[in-house]
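Text of the file model25.cif, holding mmCIF, C-alpha atoms, pLDDT in the B column; chains and numbers go by the auth columns:
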```cif
data_final
loop_
_atom_site.group_PDB
_atom_site.id
_atom_site.type_symbol
_atom_site.label_atom_id
_atom_site.label_comp_id
_atom_site.label_asym_id
_atom_site.label_seq_id
_atom_site.Cartn_x
_atom_site.Cartn_y
_atom_site.Cartn_z
_atom_site.B_iso_or_equiv
_atom_site.auth_seq_id
_atom_site.auth_asym_id
ATOM 1 C CA MET A 1 112.902 92.722 141.419 65.00 1 A
ATOM 2 C CA SER A 2 114.188 89.964 143.698 75.00 2 A
ATOM 3 C CA LYS A 3 113.680 87.388 140.933 74.00 3 A
ATOM 4 C CA ILE A 4 115.524 89.599 138.437 78.00 4 A
ATOM 5 C CA VAL A 5 118.472 90.019 140.791 80.00 5 A
ATOM 6 C CA LYS A 6 118.643 86.298 141.505 78.00 6 A
ATOM 7 C CA GLY A 7 118.409 85.479 137.815 75.00 7 A
ATOM 8 C CA ALA A 8 121.151 87.968 136.941 80.00 8 A
ATOM 9 C CA ALA A 9 123.353 86.565 139.706 85.00 9 A
ATOM 10 C CA SER A 10 122.926 82.994 138.476 84.00 10 A
ATOM 11 C CA PHE A 11 123.843 83.972 134.912 83.00 11 A
ATOM 12 C CA ALA A 12 126.827 85.944 136.209 88.00 12 A
ATOM 13 C CA VAL A 13 128.076 82.813 137.990 88.00 13 A
ATOM 14 C CA LEU A 14 127.571 80.776 134.819 88.00 14 A
ATOM 15 C CA LEU A 15 129.501 83.290 132.696 87.00 15 A
ATOM 16 C CA ALA A 16 132.288 83.455 135.262 90.00 16 A
ATOM 17 C CA ALA A 17 132.617 79.667 135.347 90.00 17 A
ATOM 18 C CA TRP A 18 132.575 79.588 131.540 87.00 18 A
ATOM 19 C CA GLN A 19 135.325 82.228 131.354 87.00 19 A
ATOM 20 C CA VAL A 20 137.493 80.455 133.929 89.00 20 A
ATOM 21 C CA LEU A 21 137.146 77.139 132.090 87.00 21 A
ATOM 22 C CA ALA A 22 138.025 78.808 128.779 86.00 22 A
ATOM 23 C CA LEU A 23 141.137 80.424 130.305 86.00 23 A
ATOM 24 C CA SER A 24 142.244 77.206 131.982 84.00 24 A
ATOM 25 C CA GLY A 25 143.515 75.805 128.703 79.00 25 A
ATOM 26 C CA LEU A 26 141.725 72.496 129.287 82.00 26 A
ATOM 27 C CA PHE A 27 140.296 72.782 125.787 82.00 27 A
ATOM 28 C CA PRO A 28 141.743 74.635 122.754 84.00 28 A
ATOM 29 C CA ALA A 29 140.188 78.028 122.121 79.00 29 A
ATOM 30 C CA SER A 30 139.079 76.798 118.694 80.00 30 A
ATOM 31 C CA LEU A 31 136.946 74.112 120.370 83.00 31 A
ATOM 32 C CA PHE A 32 135.812 75.977 123.483 87.00 32 A
ATOM 33 C CA PRO A 33 135.660 79.738 122.892 89.00 33 A
ATOM 34 C CA SER A 34 135.327 82.159 125.778 88.00 34 A
ATOM 35 C CA PRO A 35 132.196 84.270 126.416 89.00 35 A
ATOM 36 C CA VAL A 36 134.076 87.242 124.964 90.00 36 A
ATOM 37 C CA ALA A 37 134.734 85.373 121.707 89.00 37 A
ATOM 38 C CA VAL A 38 131.110 84.250 121.501 90.00 38 A
ATOM 39 C CA ALA A 39 129.899 87.799 122.163 91.00 39 A
ATOM 40 C CA ALA A 40 132.179 89.029 119.368 91.00 40 A
ATOM 41 C CA ALA A 41 130.763 86.414 116.999 90.00 41 A
ATOM 42 C CA LEU A 42 127.232 87.471 117.939 91.00 42 A
ATOM 43 C CA ALA A 43 128.074 91.130 117.381 92.00 43 A
ATOM 44 C CA GLU A 44 129.644 90.358 114.001 91.00 44 A
ATOM 45 C CA ARG A 45 126.628 88.370 112.847 88.00 45 A
ATOM 46 C CA ALA A 46 124.214 90.994 114.169 90.00 46 A
ATOM 47 C CA ALA A 47 126.112 93.787 112.418 91.00 47 A
ATOM 48 C CA SER A 48 125.892 91.944 109.107 89.00 48 A
ATOM 49 C CA GLY A 49 122.133 91.528 109.560 86.00 49 A
ATOM 50 C CA GLN A 50 122.357 87.750 109.198 87.00 50 A
ATOM 51 C CA LEU A 51 121.449 87.083 112.833 89.00 51 A
ATOM 52 C CA VAL A 52 118.132 88.894 112.446 92.00 52 A
ATOM 53 C CA LEU A 53 117.385 86.892 109.300 91.00 53 A
ATOM 54 C CA ASP A 54 118.196 83.609 111.048 91.00 54 A
ATOM 55 C CA ILE A 55 116.016 84.476 114.041 92.00 55 A
ATOM 56 C CA GLY A 56 113.185 85.614 111.761 93.00 56 A
ATOM 57 C CA ALA A 57 113.316 82.396 109.713 91.00 57 A
ATOM 58 C CA SER A 58 113.296 80.212 112.831 92.00 58 A
ATOM 59 C CA MET A 59 110.467 82.122 114.495 93.00 59 A
ATOM 60 C CA TYR A 60 108.413 81.993 111.284 93.00 60 A
ATOM 61 C CA ARG A 61 108.686 78.193 111.112 92.00 61 A
ATOM 62 C CA PHE A 62 108.169 77.750 114.826 94.00 62 A
ATOM 63 C CA LEU A 63 105.069 79.924 115.095 94.00 63 A
ATOM 64 C CA ILE A 64 103.360 78.288 112.119 95.00 64 A
ATOM 65 C CA GLY A 65 104.035 74.761 113.374 94.00 65 A
ATOM 66 C CA TYR A 66 103.232 75.512 117.002 95.00 66 A
ATOM 67 C CA VAL A 67 100.040 77.519 116.403 95.00 67 A
ATOM 68 C CA LEU A 68 98.686 74.967 113.917 96.00 68 A
ATOM 69 C CA ALA A 69 99.464 72.104 116.301 95.00 69 A
ATOM 70 C CA CYS A 70 97.872 73.781 119.324 94.00 70 A
ATOM 71 C CA ALA A 71 94.761 74.957 117.485 94.00 71 A
ATOM 72 C CA SER A 72 94.086 71.585 115.874 95.00 72 A
ATOM 73 C CA ALA A 73 94.947 69.621 119.046 94.00 73 A
ATOM 74 C CA VAL A 74 92.653 71.717 121.253 93.00 74 A
ATOM 75 C CA LEU A 75 89.735 71.519 118.821 92.00 75 A
ATOM 76 C CA LEU A 76 90.194 67.793 118.233 92.00 76 A
ATOM 77 C CA GLY A 77 90.738 67.198 121.946 91.00 77 A
ATOM 78 C CA LEU A 78 87.492 68.971 122.832 89.00 78 A
ATOM 79 C CA VAL A 79 85.557 66.845 120.356 89.00 79 A
ATOM 80 C CA MET A 80 87.263 63.580 121.309 90.00 80 A
ATOM 81 C CA GLY A 81 86.889 64.261 125.013 87.00 81 A
ATOM 82 C CA TRP A 82 83.206 64.948 124.477 85.00 82 A
ATOM 83 C CA CYS A 83 82.609 61.957 122.174 86.00 83 A
ATOM 84 C CA THR A 84 83.783 59.159 124.441 84.00 84 A
ATOM 85 C CA ARG A 85 83.228 56.311 121.980 87.00 85 A
ATOM 86 C CA ALA A 86 85.192 58.032 119.232 88.00 86 A
ATOM 87 C CA TRP A 87 88.092 58.598 121.620 88.00 87 A
ATOM 88 C CA GLU A 88 88.061 54.971 122.739 88.00 88 A
ATOM 89 C CA PHE A 89 88.465 54.011 119.081 90.00 89 A
ATOM 90 C CA LEU A 90 91.258 56.514 118.325 90.00 90 A
ATOM 91 C CA ASN A 91 93.134 56.349 121.617 91.00 91 A
ATOM 92 C CA PRO A 92 95.171 53.204 120.756 92.00 92 A
ATOM 93 C CA ILE A 93 96.350 54.831 117.527 92.00 93 A
ATOM 94 C CA VAL A 94 97.328 58.023 119.349 91.00 94 A
ATOM 95 C CA GLN A 95 99.156 56.043 122.037 91.00 95 A
ATOM 96 C CA PHE A 96 101.056 54.202 119.301 93.00 96 A
ATOM 97 C CA LEU A 97 102.111 57.369 117.457 91.00 97 A
ATOM 98 C CA ARG A 98 102.798 59.562 120.496 90.00 98 A
ATOM 99 C CA PRO A 99 106.119 57.993 121.646 90.00 99 A
ATOM 100 C CA ILE A 100 107.670 58.170 118.169 90.00 100 A
ATOM 101 C CA SER A 101 110.172 61.009 117.999 88.00 101 A
ATOM 102 C CA PRO A 102 109.308 63.632 115.365 89.00 102 A
ATOM 103 C CA VAL A 103 112.895 63.357 114.115 87.00 103 A
ATOM 104 C CA ALA A 104 112.235 59.719 113.193 89.00 104 A
ATOM 105 C CA TRP A 105 109.741 60.951 110.586 89.00 105 A
ATOM 106 C CA LEU A 106 112.230 63.354 108.981 86.00 106 A
ATOM 107 C CA PRO A 107 113.417 61.027 106.175 86.00 107 A
ATOM 108 C CA PHE A 108 109.826 60.410 105.077 88.00 108 A
ATOM 109 C CA ILE A 109 108.888 64.073 105.481 87.00 109 A
ATOM 110 C CA VAL A 110 111.767 65.120 103.224 85.00 110 A
ATOM 111 C CA LEU A 111 110.952 62.416 100.657 85.00 111 A
ATOM 112 C CA TRP A 112 107.260 63.300 100.594 88.00 112 A
ATOM 113 C CA LEU A 113 107.378 67.091 100.993 83.00 113 A
ATOM 114 C CA GLY A 114 110.892 68.054 99.884 80.00 114 A
ATOM 115 C CA ILE A 115 113.377 70.276 101.682 79.00 115 A
ATOM 116 C CA GLY A 116 112.956 73.825 102.952 79.00 116 A
ATOM 117 C CA ASP A 117 110.526 75.237 105.487 85.00 117 A
ATOM 118 C CA ILE A 118 107.937 72.454 105.422 88.00 118 A
ATOM 119 C CA PRO A 119 109.984 69.670 107.112 88.00 119 A
ATOM 120 C CA ALA A 120 110.832 71.967 110.025 89.00 120 A
ATOM 121 C CA ILE A 121 107.198 73.060 110.369 92.00 121 A
ATOM 122 C CA VAL A 122 105.959 69.454 110.311 92.00 122 A
ATOM 123 C CA VAL A 123 108.502 68.377 112.953 92.00 123 A
ATOM 124 C CA ILE A 124 107.450 71.262 115.211 93.00 124 A
ATOM 125 C CA PHE A 125 103.786 70.376 114.615 95.00 125 A
ATOM 126 C CA LEU A 126 104.339 66.748 115.622 93.00 126 A
ATOM 127 C CA ALA A 127 106.322 67.745 118.711 93.00 127 A
ATOM 128 C CA ALA A 128 103.542 70.022 119.987 94.00 128 A
ATOM 129 C CA PHE A 129 100.424 68.189 118.820 95.00 129 A
ATOM 130 C CA PHE A 130 100.260 65.080 121.001 94.00 130 A
ATOM 131 C CA PRO A 131 100.904 66.674 124.436 92.00 131 A
ATOM 132 C CA VAL A 132 98.150 69.228 123.836 94.00 132 A
ATOM 133 C CA LEU A 133 95.733 66.662 122.398 94.00 133 A
ATOM 134 C CA LEU A 134 96.062 64.203 125.275 93.00 134 A
ATOM 135 C CA SER A 135 95.858 66.896 127.950 92.00 135 A
ATOM 136 C CA THR A 136 92.780 68.447 126.336 92.00 136 A
ATOM 137 C CA VAL A 137 90.969 65.111 126.144 92.00 137 A
ATOM 138 C CA SER A 138 91.848 64.370 129.774 90.00 138 A
ATOM 139 C CA ALA A 139 90.689 67.820 130.906 88.00 139 A
ATOM 140 C CA VAL A 140 87.351 67.527 129.094 88.00 140 A
ATOM 141 C CA ARG A 141 86.647 64.094 130.531 87.00 141 A
ATOM 142 C CA ARG A 142 87.338 65.385 134.058 86.00 142 A
ATOM 143 C CA ILE A 143 84.962 68.340 133.856 83.00 143 A
ATOM 144 C CA ASP A 144 82.783 68.764 136.943 80.00 144 A
ATOM 145 C CA PRO A 145 79.322 67.369 136.015 80.00 145 A
ATOM 146 C CA VAL A 146 77.721 70.420 137.652 82.00 146 A
ATOM 147 C CA TYR A 147 78.904 72.589 134.739 78.00 147 A
ATOM 148 C CA LEU A 148 77.235 70.253 132.246 78.00 148 A
ATOM 149 C CA LYS A 149 73.986 70.183 134.193 81.00 149 A
ATOM 150 C CA VAL A 150 73.902 73.977 134.295 79.00 150 A
ATOM 151 C CA SER A 151 74.524 74.196 130.548 80.00 151 A
ATOM 152 C CA ARG A 152 71.667 71.762 129.883 79.00 152 A
ATOM 153 C CA ASN A 153 69.384 73.781 132.137 77.00 153 A
ATOM 154 C CA PHE A 154 70.147 76.859 130.045 77.00 154 A
ATOM 155 C CA GLY A 155 69.380 74.908 126.873 77.00 155 A
ATOM 156 C CA LEU A 156 72.847 75.261 125.340 76.00 156 A
ATOM 157 C CA THR A 157 73.656 73.173 122.290 78.00 157 A
ATOM 158 C CA SER A 158 76.596 70.768 122.346 76.00 158 A
ATOM 159 C CA ALA A 159 78.732 73.181 120.316 79.00 159 A
ATOM 160 C CA ALA A 160 77.897 76.096 122.615 80.00 160 A
ATOM 161 C CA THR A 161 78.580 73.957 125.680 81.00 161 A
ATOM 162 C CA LEU A 162 82.003 72.970 124.347 80.00 162 A
ATOM 163 C CA LEU A 163 83.044 76.533 123.530 79.00 163 A
ATOM 164 C CA LYS A 164 81.387 78.454 126.368 80.00 164 A
ATOM 165 C CA VAL A 165 81.547 75.971 129.257 82.00 165 A
ATOM 166 C CA VAL A 166 83.912 73.068 128.639 83.00 166 A
ATOM 167 C CA LEU A 167 86.770 75.052 127.079 82.00 167 A
ATOM 168 C CA PRO A 168 86.965 77.719 129.833 83.00 168 A
ATOM 169 C CA ALA A 169 86.620 75.103 132.577 83.00 169 A
ATOM 170 C CA SER A 170 89.341 72.935 130.993 84.00 170 A
ATOM 171 C CA PHE A 171 91.694 75.796 130.236 85.00 171 A
ATOM 172 C CA PRO A 172 94.010 75.504 133.279 84.00 172 A
ATOM 173 C CA VAL A 173 94.973 71.968 132.211 86.00 173 A
ATOM 174 C CA ILE A 174 95.149 72.931 128.533 88.00 174 A
ATOM 175 C CA ALA A 175 97.319 75.957 129.345 87.00 175 A
ATOM 176 C CA ASN A 176 99.792 73.738 131.149 87.00 176 A
ATOM 177 C CA ALA A 177 99.912 71.488 128.082 90.00 177 A
ATOM 178 C CA LEU A 178 100.485 74.506 125.819 91.00 178 A
ATOM 179 C CA HIS A 179 103.382 75.489 128.054 89.00 179 A
ATOM 180 C CA ILE A 180 104.954 72.027 127.922 90.00 180 A
ATOM 181 C CA ALA A 181 104.364 71.724 124.175 92.00 181 A
ATOM 182 C CA LEU A 182 106.066 75.056 123.562 92.00 182 A
ATOM 183 C CA GLY A 183 109.280 73.841 125.179 90.00 183 A
ATOM 184 C CA THR A 184 109.134 70.519 123.346 90.00 184 A
ATOM 185 C CA ALA A 185 108.486 72.147 119.978 92.00 185 A
ATOM 186 C CA TRP A 186 111.288 74.674 120.506 92.00 186 A
ATOM 187 C CA ILE A 187 113.730 71.825 121.207 89.00 187 A
ATOM 188 C CA PHE A 188 112.820 70.084 117.951 91.00 188 A
ATOM 189 C CA LEU A 189 113.049 73.317 115.936 88.00 189 A
ATOM 190 C CA VAL A 190 116.808 72.899 115.535 85.00 190 A
ATOM 191 C CA ALA A 191 116.462 69.289 114.405 84.00 191 A
ATOM 192 C CA GLY A 192 113.817 70.263 111.869 85.00 192 A
ATOM 193 C CA GLU A 193 115.946 73.079 110.457 85.00 193 A
ATOM 194 C CA MET A 194 118.836 70.687 109.895 79.00 194 A
ATOM 195 C CA ALA A 195 116.813 68.984 107.154 74.00 195 A
ATOM 196 C CA GLY A 196 117.830 71.055 104.168 70.00 196 A
ATOM 197 C CA THR A 197 117.020 74.622 105.193 78.00 197 A
ATOM 198 C CA GLN A 198 119.364 77.414 104.163 81.00 198 A
ATOM 199 C CA SER A 199 118.511 79.792 106.992 83.00 199 A
ATOM 200 C CA GLY A 200 117.548 79.754 110.642 87.00 200 A
ATOM 201 C CA LEU A 201 119.317 78.930 113.875 89.00 201 A
ATOM 202 C CA GLY A 202 119.432 75.204 113.127 87.00 202 A
ATOM 203 C CA PHE A 203 121.135 75.905 109.805 86.00 203 A
ATOM 204 C CA LEU A 204 123.543 78.248 111.591 89.00 204 A
ATOM 205 C CA ILE A 205 124.583 75.414 113.902 89.00 205 A
ATOM 206 C CA VAL A 206 125.168 73.040 110.988 87.00 206 A
ATOM 207 C CA ASP A 207 127.041 75.693 109.001 87.00 207 A
ATOM 208 C CA ALA A 208 129.219 76.618 111.993 87.00 208 A
ATOM 209 C CA ARG A 209 130.045 72.950 112.575 85.00 209 A
ATOM 210 C CA ASN A 210 130.984 72.420 108.929 86.00 210 A
ATOM 211 C CA ASN A 211 133.235 75.498 108.989 86.00 211 A
ATOM 212 C CA LEU A 212 134.754 74.642 112.394 84.00 212 A
ATOM 213 C CA ARG A 213 133.464 77.903 113.873 86.00 213 A
ATOM 214 C CA ALA A 214 132.845 76.979 117.494 89.00 214 A
ATOM 215 C CA ASP A 215 132.216 80.638 118.367 88.00 215 A
ATOM 216 C CA ASP A 216 129.336 80.871 115.873 90.00 216 A
ATOM 217 C CA LEU A 217 128.012 77.514 117.069 91.00 217 A
ATOM 218 C CA LEU A 218 127.938 78.614 120.704 91.00 218 A
ATOM 219 C CA ALA A 219 126.493 81.965 119.669 91.00 219 A
ATOM 220 C CA ALA A 220 123.584 80.160 118.004 91.00 220 A
ATOM 221 C CA ILE A 221 123.080 78.044 121.142 92.00 221 A
ATOM 222 C CA VAL A 222 123.003 81.180 123.310 91.00 222 A
ATOM 223 C CA VAL A 223 120.415 82.801 121.030 93.00 223 A
ATOM 224 C CA ILE A 224 118.264 79.651 121.118 92.00 224 A
ATOM 225 C CA GLY A 225 118.368 79.695 124.922 91.00 225 A
ATOM 226 C CA VAL A 226 117.490 83.384 125.157 91.00 226 A
ATOM 227 C CA LEU A 227 114.591 83.051 122.719 93.00 227 A
ATOM 228 C CA GLY A 228 113.352 80.010 124.618 90.00 228 A
ATOM 229 C CA VAL A 229 113.217 82.044 127.829 89.00 229 A
ATOM 230 C CA LEU A 230 111.339 84.846 126.055 92.00 230 A
ATOM 231 C CA LEU A 231 108.827 82.429 124.549 91.00 231 A
ATOM 232 C CA ASP A 232 108.285 80.875 127.964 89.00 232 A
ATOM 233 C CA TRP A 233 107.538 84.328 129.386 89.00 233 A
ATOM 234 C CA VAL A 234 105.100 85.075 126.544 90.00 234 A
ATOM 235 C CA ILE A 235 103.125 81.858 127.081 88.00 235 A
ATOM 236 C CA LYS A 236 102.956 82.602 130.815 86.00 236 A
ATOM 237 C CA GLN A 237 101.527 86.034 130.083 86.00 237 A
ATOM 238 C CA PHE A 238 98.995 84.527 127.683 83.00 238 A
ATOM 239 C CA GLU A 239 97.966 81.971 130.294 78.00 239 A
ATOM 240 C CA SER A 240 97.625 84.670 132.935 80.00 240 A
ATOM 241 C CA ASP A 241 95.539 86.923 130.685 79.00 241 A
ATOM 242 C CA VAL A 242 93.106 84.162 129.665 76.00 242 A
ATOM 243 C CA ASN A 243 92.797 82.928 133.248 72.00 243 A
ATOM 244 C CA ARG A 244 91.935 86.460 134.264 75.00 244 A
ATOM 245 C CA ILE A 245 89.029 86.367 131.801 71.00 245 A
ATOM 246 C CA TRP A 246 87.837 82.791 132.327 64.00 246 A
ATOM 247 C CA GLY A 247 89.025 82.053 135.851 59.00 247 A
ATOM 248 C CA THR A 248 91.283 79.220 136.969 54.00 248 A
ATOM 249 C CA GLY A 249 88.878 76.624 138.424 46.00 249 A
ATOM 250 C CA GLY A 250 86.986 73.797 136.910 41.00 250 A
ATOM 251 C CA ALA A 251 89.742 71.318 136.008 39.00 251 A
ATOM 252 C CA GLU A 252 88.816 68.852 138.722 40.00 252 A
ATOM 253 C CA GLY A 253 85.993 66.434 138.908 39.00 253 A
ATOM 254 C CA GLY A 254 84.804 63.794 136.520 38.00 254 A
ATOM 255 C CA ARG A 255 82.347 63.535 133.715 39.00 255 A
ATOM 256 C CA ALA A 256 79.226 61.428 134.213 33.00 256 A
#
```

Produce structure tokens that represent the structure in this file.
Amino acid sequence: MSKIVKGAASFAVLLAAWQVLALSGLFPASLFPSPVAVAAALAERAASGQLVLDIGASMYRFLIGYVLACASAVLLGLVMGWCTRAWEFLNPIVQFLRPISPVAWLPFIVLWLGIGDIPAIVVIFLAAFFPVLLSTVSAVRRIDPVYLKVSRNFGLTSAATLLKVVLPASFPVIANALHIALGTAWIFLVAGEMAGTQSGLGFLIVDARNNLRADDLLAAIVVIGVLGVLLDWVIKQFESDVNRIWGTGGAEGGRA
């Protein structure tokens, strides 16, 4: 309850400062609408049903890109962390590709795959993939050797050891990477949706800019922020639930 009150108070201060700045006349109302004008724009778009469609389109693209990136990065990270020689071969390539912004690939993505949902999904995938991959590999390589000795004593196969021992023991580090990747992927969602989509929050921002509708533009930004907070809460709940099942230890140590 204390956190809720503090959060509400901080947003109240932000809204008050926003309203005062809008009333000050420092910027024209057409360029810097007040919270009331933005709320009216949100209500108008919600009443028409378009806001729900935009949110649905963005969430559809985001979830596909993010889930595919996390699933493939965790599986590949487990294998690469386990197979040290393979990772030593691939690591330079990963380190070369990792710093490249997903937006830099957009022209090629559009040329190769066309416009629509796919470019946005690919951009989200790229934004989430590398943080999860690198964290998973690091977590696997730092597994406490005691866990591996116990698994060998029980006669577990390599596949069973990865899924039943290594993955649960590495999960605290992986969960942190999933959390970071979610925020990164959500940031790049808007950029991906600017590449030829006709729906979604990114398209709403572009459309509002082209029509000089600052109220719609700020309304889209507010919705993006709210959804980002909700997604952050969901990933925290997921992390908490899995930790409750698997436990939270086992990320320290090193692999022999």

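What the PyMOL selection byres ((chain A and resi 178-181) around 8) grabs from this file is Cys70, Ala127, Ala128, Phe129, Pro131, Val132, Ile174, Ala175, Asn176, Ala177, Leu182, Gly183, Thr184, Ala185, Asp232, Ile235 and Lys236 of chain A.
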
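Taking only C-alpha atoms, the non-local environment of Val52 of chain A within 12 Å (same-chain residues fewer than 6 positions away omitted) comprises Leu42, Ala43, Glu44, Arg45, Ala46, Ser58, Met59, Tyr60, Ser199, Gly200, Leu201, Leu204, Ala220 and Val223 of chain A.
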
I'd like to see the residues matched by the PyMOL selection byres ((chain A and resi 19) around 12) on this file, and ideally I'd get them as a short mmCIF file (atom, residue, chain, number, x, y, z; two decimals) with C-alpha atoms, in the frame of the given file.
```cif
data_model
loop_
_atom_site.label_atom_id
_atom_site.label_comp_id
_atom_site.auth_asym_id
_atom_site.auth_seq_id
_atom_site.Cartn_x
_atom_site.Cartn_y
_atom_site.Cartn_z
CA ALA A 12 126.83 85.94 136.21
CA VAL A 13 128.08 82.81 137.99
CA LEU A 14 127.57 80.78 134.82
CA LEU A 15 129.50 83.29 132.70
CA ALA A 16 132.29 83.46 135.26
CA ALA A 17 132.62 79.67 135.35
CA TRP A 18 132.57 79.59 131.54
CA VAL A 20 137.49 80.46 133.93
CA LEU A 21 137.15 77.14 132.09
CA ALA A 22 138.02 78.81 128.78
CA LEU A 23 141.14 80.42 130.30
CA SER A 24 142.24 77.21 131.98
CA GLY A 25 143.51 75.81 128.70
CA LEU A 26 141.72 72.50 129.29
CA ALA A 29 140.19 78.03 122.12
CA PHE A 32 135.81 75.98 123.48
CA PRO A 33 135.66 79.74 122.89
CA SER A 34 135.33 82.16 125.78
CA PRO A 35 132.20 84.27 126.42
CA VAL A 36 134.08 87.24 124.96
CA ALA A 37 134.73 85.37 121.71
CA VAL A 38 131.11 84.25 121.50
#
```

Report summary line: In terms of all atoms listed in the file, the residue from A:Gly116, A:Ser30, A:Thr136, A:Gln237 at minimal distance from Ala71 of chain A is A:Thr136

Set up a box along x, y and z of the file covering all listed atoms of segment 9-26 of chain A, add 4 Å on every one of the six sides, and write the centre and edge lengths in Å to one decimal, as AutoDock Vina command-line options.
```
--center_x 133.2 --center_y 79.5 --center_z 134.2 --size_x 28.6 --size_y 22.1 --size_z 19.0
```

Can you translate the PyMOL selection byres ((chain A and resi 78) around 8) into the concrete residues it hits in this file, as a PDB file with C-alpha atoms, keeping the file's coordinate frame?
```
ATOM      1  CA  VAL A  74      92.653  71.717 121.253  1.00 93.00           C
ATOM      2  CA  LEU A  75      89.735  71.519 118.821  1.00 92.00           C
ATOM      3  CA  LEU A  76      90.194  67.793 118.233  1.00 92.00           C
ATOM      4  CA  GLY A  77      90.738  67.198 121.946  1.00 91.00           C
ATOM      5  CA  VAL A  79      85.557  66.845 120.356  1.00 89.00           C
ATOM      6  CA  MET A  80      87.263  63.580 121.309  1.00 90.00           C
ATOM      7  CA  GLY A  81      86.889  64.261 125.013  1.00 87.00           C
ATOM      8  CA  TRP A  82      83.206  64.948 124.477  1.00 85.00           C
ATOM      9  CA  THR A 136      92.780  68.447 126.336  1.00 92.00           C
ATOM     10  CA  VAL A 137      90.969  65.111 126.144  1.00 92.00           C
ATOM     11  CA  VAL A 140      87.351  67.527 129.094  1.00 88.00           C
ATOM     12  CA  LEU A 162      82.003  72.970 124.347  1.00 80.00           C
ATOM     13  CA  VAL A 166      83.912  73.068 128.639  1.00 83.00           C
ATOM     14  CA  LEU A 167      86.770  75.052 127.079  1.00 82.00           C
TER      15      LEU A 167
END
```

**Report entry** Two-atom distance - atom CA of Leu189 of chain A, atom CA of Val94 of chain A (Å)
**Finding:** 22.2 Å

Quick one: segment 59-95 of chain A with C-alpha atoms, as a PDB file, in the first residue's frame?
```pdb
ATOM      1  CA  MET A  59       1.068  -6.517 -28.278  1.00  0.00           C
ATOM      2  CA  TYR A  60       0.682  -9.206 -30.955  1.00  0.00           C
ATOM      3  CA  ARG A  61       3.952  -8.184 -32.631  1.00  0.00           C
ATOM      4  CA  PHE A  62       5.756  -7.690 -29.351  1.00  0.00           C
ATOM      5  CA  LEU A  63       4.785 -11.023 -27.816  1.00  0.00           C
ATOM      6  CA  ILE A  64       5.731 -13.010 -30.916  1.00  0.00           C
ATOM      7  CA  GLY A  65       9.124 -11.323 -31.246  1.00  0.00           C
ATOM      8  CA  TYR A  66       9.911 -11.373 -27.538  1.00  0.00           C
ATOM      9  CA  VAL A  67       8.822 -14.966 -26.843  1.00  0.00           C
ATOM     10  CA  LEU A  68      10.654 -16.305 -29.906  1.00  0.00           C
ATOM     11  CA  ALA A  69      13.806 -14.390 -28.965  1.00  0.00           C
ATOM     12  CA  CYS A  70      13.782 -15.529 -25.333  1.00  0.00           C
ATOM     13  CA  ALA A  71      12.994 -19.166 -26.103  1.00  0.00           C
ATOM     14  CA  SER A  72      15.664 -19.478 -28.786  1.00  0.00           C
ATOM     15  CA  ALA A  73      18.253 -17.488 -26.790  1.00  0.00           C
ATOM     16  CA  VAL A  74      17.778 -19.575 -23.636  1.00  0.00           C
ATOM     17  CA  LEU A  75      17.966 -22.881 -25.508  1.00  0.00           C
ATOM     18  CA  LEU A  76      20.974 -21.799 -27.562  1.00  0.00           C
ATOM     19  CA  GLY A  77      22.611 -20.268 -24.493  1.00  0.00           C
ATOM     20  CA  LEU A  78      22.250 -23.506 -22.532  1.00  0.00           C
ATOM     21  CA  VAL A  79      23.870 -25.483 -25.336  1.00  0.00           C
ATOM     22  CA  MET A  80      26.631 -22.947 -25.986  1.00  0.00           C
ATOM     23  CA  GLY A  81      27.384 -22.558 -22.297  1.00  0.00           C
ATOM     24  CA  TRP A  82      27.640 -26.321 -21.990  1.00  0.00           C
ATOM     25  CA  CYS A  83      29.710 -26.806 -25.166  1.00  0.00           C
ATOM     26  CA  THR A  84      32.651 -24.558 -24.361  1.00  0.00           C
ATOM     27  CA  ARG A  85      34.528 -25.071 -27.632  1.00  0.00           C
ATOM     28  CA  ALA A  86      31.492 -24.233 -29.741  1.00  0.00           C
ATOM     29  CA  TRP A  87      30.966 -21.033 -27.763  1.00  0.00           C
ATOM     30  CA  GLU A  88      34.604 -20.027 -28.155  1.00  0.00           C
ATOM     31  CA  PHE A  89      34.109 -20.317 -31.915  1.00  0.00           C
ATOM     32  CA  LEU A  90      30.810 -18.382 -32.026  1.00  0.00           C
ATOM     33  CA  ASN A  91      31.538 -15.780 -29.364  1.00  0.00           C
ATOM     34  CA  PRO A  92      33.483 -13.392 -31.664  1.00  0.00           C
ATOM     35  CA  ILE A  93      30.593 -13.392 -34.137  1.00  0.00           C
ATOM     36  CA  VAL A  94      28.070 -12.704 -31.375  1.00  0.00           C
ATOM     37  CA  GLN A  95      30.233  -9.909 -29.963  1.00  0.00           C
TER      38      GLN A  95
END
```
